[in-house]
Amino acid sequence: MKKTPFHPSLASLGLAIALLCISAQSQSQSGPAASRQLPEQRVALAVAQRKIAAKPPTIRVRQHGSITLDWTTDEIVSIHLHGYDQLLTVKPGETKAMRIDAAVPGRFPVSAHGYGTQTQGKQHKHHREAPLMYLEVLPR
């Protein structure tokens with residue numbers, strides 16, 4: 001039986017090629033699907049006379065997506081997204097953005113607190129006000 005001489009550099013080259021092939025295959029299977037992100041939604045909402053003008057009863061976003069709600073108002077108010085516990089004070093003449101990374105699925109009310117009062121930095125009290133709208137985060 002004839003012995004073939006062992007060449008360490010050829011063995012290393014073969015191992016490197018095998019690892020590259022495995023790495024490329026795993027990236028092609030998980031790369032695009034894993035890095036595929038949902039487009040960010042952006043919605044402009046105006047509160048006038050303590051209601052949303054052109055009222056959208058519900059805004060929907062997919063779980064793991066993101067949405068930005070751009071708020072304007074005719075009087076100072078705190079906008080509260082329940083469930084995500086985001087509170088944003090908006091003054092007349094300005095637009096304030098509320099960005100939500102939709103991690104938790106469900107239906108969440110958005111309400112207004114403290115119309116016409118300076119509410120920034122103060123704790124708001126939960127009242128039984130009707131929601132301005134709802135944010136629905138749909139499971140993926």
# chains A, B, ... in the order shown; residues from 1 in each chain; ligands from 1

$ select_by_dssp --residues "stretch 82-115 of chain A" --states "strand (DSSP E)" --output "MDAnalysis selection string"
chainID A and resid 86:90 96:101 106:113

$ closest_residue --among "A:Ala112, A:Ile67, A:Ile59, A:Ala103" --to "A:Thr89" --atoms "only C-alpha atoms"
A:Ala112

$ closest_residue --among "A:Ala46, A:Pro57, A:Tyr134, A:Asp70" --to "A:Ala97" --atoms "only C-alpha atoms"
A:Asp70

$ residues_around --residues "stretch 73-80 of chain A" --least-positions-apart "4" --cutoff "9 Å" --atoms "only C-alpha atoms" --output "count of residues only"
32

$ decode --residues "stretch 68-110 of chain A" --atoms "N, CA and C atoms" --output "mmCIF file, in the first residue's frame"
data_model
loop_
_atom_site.group_PDB
_atom_site.id
_atom_site.type_symbol
_atom_site.label_atom_id
_atom_site.label_comp_id
_atom_site.auth_asym_id
_atom_site.auth_seq_id
_atom_site.Cartn_x
_atom_site.Cartn_y
_atom_site.Cartn_z
ATOM 1 N N THR A 68 -44.907 55.812 13.613
ATOM 2 C CA THR A 68 -44.764 57.124 14.221
ATOM 3 C C THR A 68 -46.077 57.861 14.036
ATOM 4 N N LEU A 69 -46.621 58.332 15.145
ATOM 5 C CA LEU A 69 -47.836 59.134 15.117
ATOM 6 C C LEU A 69 -47.418 60.592 15.292
ATOM 7 N N ASP A 70 -47.692 61.419 14.289
ATOM 8 C CA ASP A 70 -47.355 62.845 14.336
ATOM 9 C C ASP A 70 -48.590 63.613 14.798
ATOM 10 N N TRP A 71 -48.529 64.170 15.987
ATOM 11 C CA TRP A 71 -49.670 64.812 16.622
ATOM 12 C C TRP A 71 -49.617 66.328 16.502
ATOM 13 N N THR A 72 -50.775 66.936 16.190
ATOM 14 C CA THR A 72 -50.982 68.380 16.298
ATOM 15 C C THR A 72 -52.270 68.578 17.083
ATOM 16 N N THR A 73 -52.430 69.762 17.682
ATOM 17 C CA THR A 73 -53.613 70.012 18.499
ATOM 18 C C THR A 73 -53.949 71.497 18.511
ATOM 19 N N ASP A 74 -55.197 71.812 18.871
ATOM 20 C CA ASP A 74 -55.624 73.208 18.959
ATOM 21 C C ASP A 74 -55.535 73.755 20.387
ATOM 22 N N GLU A 75 -55.208 72.904 21.357
ATOM 23 C CA GLU A 75 -54.961 73.335 22.737
ATOM 24 C C GLU A 75 -53.986 72.347 23.384
ATOM 25 N N ILE A 76 -53.299 72.801 24.418
ATOM 26 C CA ILE A 76 -52.320 71.932 25.061
ATOM 27 C C ILE A 76 -53.012 70.684 25.607
ATOM 28 N N VAL A 77 -52.369 69.542 25.427
ATOM 29 C CA VAL A 77 -52.948 68.276 25.856
ATOM 30 C C VAL A 77 -51.839 67.237 25.989
ATOM 31 N N SER A 78 -52.061 66.264 26.862
ATOM 32 C CA SER A 78 -51.156 65.120 26.964
ATOM 33 C C SER A 78 -51.820 63.944 26.271
ATOM 34 N N ILE A 79 -51.135 63.365 25.316
ATOM 35 C CA ILE A 79 -51.609 62.196 24.587
ATOM 36 C C ILE A 79 -50.984 60.979 25.255
ATOM 37 N N HIS A 80 -51.805 59.985 25.592
ATOM 38 C CA HIS A 80 -51.325 58.814 26.322
ATOM 39 C C HIS A 80 -51.670 57.547 25.556
ATOM 40 N N LEU A 81 -50.650 56.784 25.194
ATOM 41 C CA LEU A 81 -50.832 55.467 24.581
ATOM 42 C C LEU A 81 -50.781 54.453 25.717
ATOM 43 N N HIS A 82 -51.938 53.936 26.071
ATOM 44 C CA HIS A 82 -52.039 52.962 27.158
ATOM 45 C C HIS A 82 -51.414 51.638 26.717
ATOM 46 N N GLY A 83 -50.915 50.877 27.661
ATOM 47 C CA GLY A 83 -50.291 49.587 27.356
ATOM 48 C C GLY A 83 -48.816 49.733 27.044
ATOM 49 N N TYR A 84 -48.462 50.726 26.256
ATOM 50 C CA TYR A 84 -47.059 51.017 25.974
ATOM 51 C C TYR A 84 -46.560 52.132 26.895
ATOM 52 N N ASP A 85 -47.469 52.722 27.637
ATOM 53 C CA ASP A 85 -47.178 53.785 28.597
ATOM 54 C C ASP A 85 -46.338 54.914 28.019
ATOM 55 N N GLN A 86 -46.751 55.395 26.878
ATOM 56 C CA GLN A 86 -46.094 56.562 26.295
ATOM 57 C C GLN A 86 -46.990 57.765 26.533
ATOM 58 N N LEU A 87 -46.395 58.840 26.998
ATOM 59 C CA LEU A 87 -47.119 60.071 27.288
ATOM 60 C C LEU A 87 -46.390 61.208 26.595
ATOM 61 N N LEU A 88 -47.150 62.003 25.856
ATOM 62 C CA LEU A 88 -46.560 63.059 25.036
ATOM 63 C C LEU A 88 -47.387 64.324 25.215
ATOM 64 N N THR A 89 -46.765 65.439 25.604
ATOM 65 C CA THR A 89 -47.471 66.713 25.724
ATOM 66 C C THR A 89 -47.316 67.475 24.416
ATOM 67 N N VAL A 90 -48.462 67.901 23.869
ATOM 68 C CA VAL A 90 -48.476 68.621 22.590
ATOM 69 C C VAL A 90 -49.102 69.986 22.815
ATOM 70 N N LYS A 91 -48.450 71.011 22.293
ATOM 71 C CA LYS A 91 -48.951 72.385 22.403
ATOM 72 C C LYS A 91 -49.444 72.843 21.034
ATOM 73 N N PRO A 92 -50.373 73.801 21.015
ATOM 74 C CA PRO A 92 -50.850 74.329 19.730
ATOM 75 C C PRO A 92 -49.694 74.908 18.915
ATOM 76 N N GLY A 93 -49.757 74.709 17.623
ATOM 77 C CA GLY A 93 -48.732 75.253 16.734
ATOM 78 C C GLY A 93 -47.495 74.387 16.598
ATOM 79 N N GLU A 94 -47.446 73.243 17.236
ATOM 80 C CA GLU A 94 -46.299 72.355 17.094
ATOM 81 C C GLU A 94 -46.766 70.957 16.702
ATOM 82 N N THR A 95 -45.859 70.214 16.118
ATOM 83 C CA THR A 95 -46.104 68.808 15.787
ATOM 84 C C THR A 95 -45.148 67.987 16.622
ATOM 85 N N LYS A 96 -45.691 67.014 17.341
ATOM 86 C CA LYS A 96 -44.864 66.139 18.174
ATOM 87 C C LYS A 96 -45.013 64.712 17.671
ATOM 88 N N ALA A 97 -43.899 64.008 17.602
ATOM 89 C CA ALA A 97 -43.882 62.632 17.104
ATOM 90 C C ALA A 97 -43.862 61.649 18.267
ATOM 91 N N MET A 98 -44.708 60.633 18.163
ATOM 92 C CA MET A 98 -44.732 59.523 19.117
ATOM 93 C C MET A 98 -44.355 58.276 18.334
ATOM 94 N N ARG A 99 -43.142 57.760 18.575
ATOM 95 C CA ARG A 99 -42.666 56.571 17.850
ATOM 96 C C ARG A 99 -42.925 55.338 18.696
ATOM 97 N N ILE A 100 -43.521 54.338 18.060
ATOM 98 C CA ILE A 100 -43.848 53.104 18.766
ATOM 99 C C ILE A 100 -43.171 51.935 18.071
ATOM 100 N N ASP A 101 -42.363 51.191 18.803
ATOM 101 C CA ASP A 101 -41.827 49.924 18.331
ATOM 102 C C ASP A 101 -42.817 48.863 18.788
ATOM 103 N N ALA A 102 -43.562 48.327 17.860
ATOM 104 C CA ALA A 102 -44.708 47.471 18.166
ATOM 105 C C ALA A 102 -44.270 46.060 18.547
ATOM 106 N N ALA A 103 -43.840 45.888 19.770
ATOM 107 C CA ALA A 103 -43.349 44.591 20.225
ATOM 108 C C ALA A 103 -44.460 43.718 20.797
ATOM 109 N N VAL A 104 -45.443 44.340 21.438
ATOM 110 C CA VAL A 104 -46.489 43.597 22.139
ATOM 111 C C VAL A 104 -47.783 43.652 21.328
ATOM 112 N N PRO A 105 -48.333 42.495 20.943
ATOM 113 C CA PRO A 105 -49.583 42.515 20.190
ATOM 114 C C PRO A 105 -50.770 42.844 21.098
ATOM 115 N N GLY A 106 -51.804 43.423 20.508
ATOM 116 C CA GLY A 106 -53.016 43.740 21.259
ATOM 117 C C GLY A 106 -53.676 44.992 20.728
ATOM 118 N N ARG A 107 -54.732 45.412 21.420
ATOM 119 C CA ARG A 107 -55.487 46.622 21.064
ATOM 120 C C ARG A 107 -55.309 47.613 22.209
ATOM 121 N N PHE A 108 -54.744 48.776 21.897
ATOM 122 C CA PHE A 108 -54.369 49.739 22.921
ATOM 123 C C PHE A 108 -55.068 51.076 22.685
ATOM 124 N N PRO A 109 -55.772 51.596 23.701
ATOM 125 C CA PRO A 109 -56.432 52.891 23.544
ATOM 126 C C PRO A 109 -55.423 54.035 23.621
ATOM 127 N N VAL A 110 -55.702 55.090 22.869
ATOM 128 C CA VAL A 110 -54.942 56.332 22.934
ATOM 129 C C VAL A 110 -55.919 57.385 23.436
#
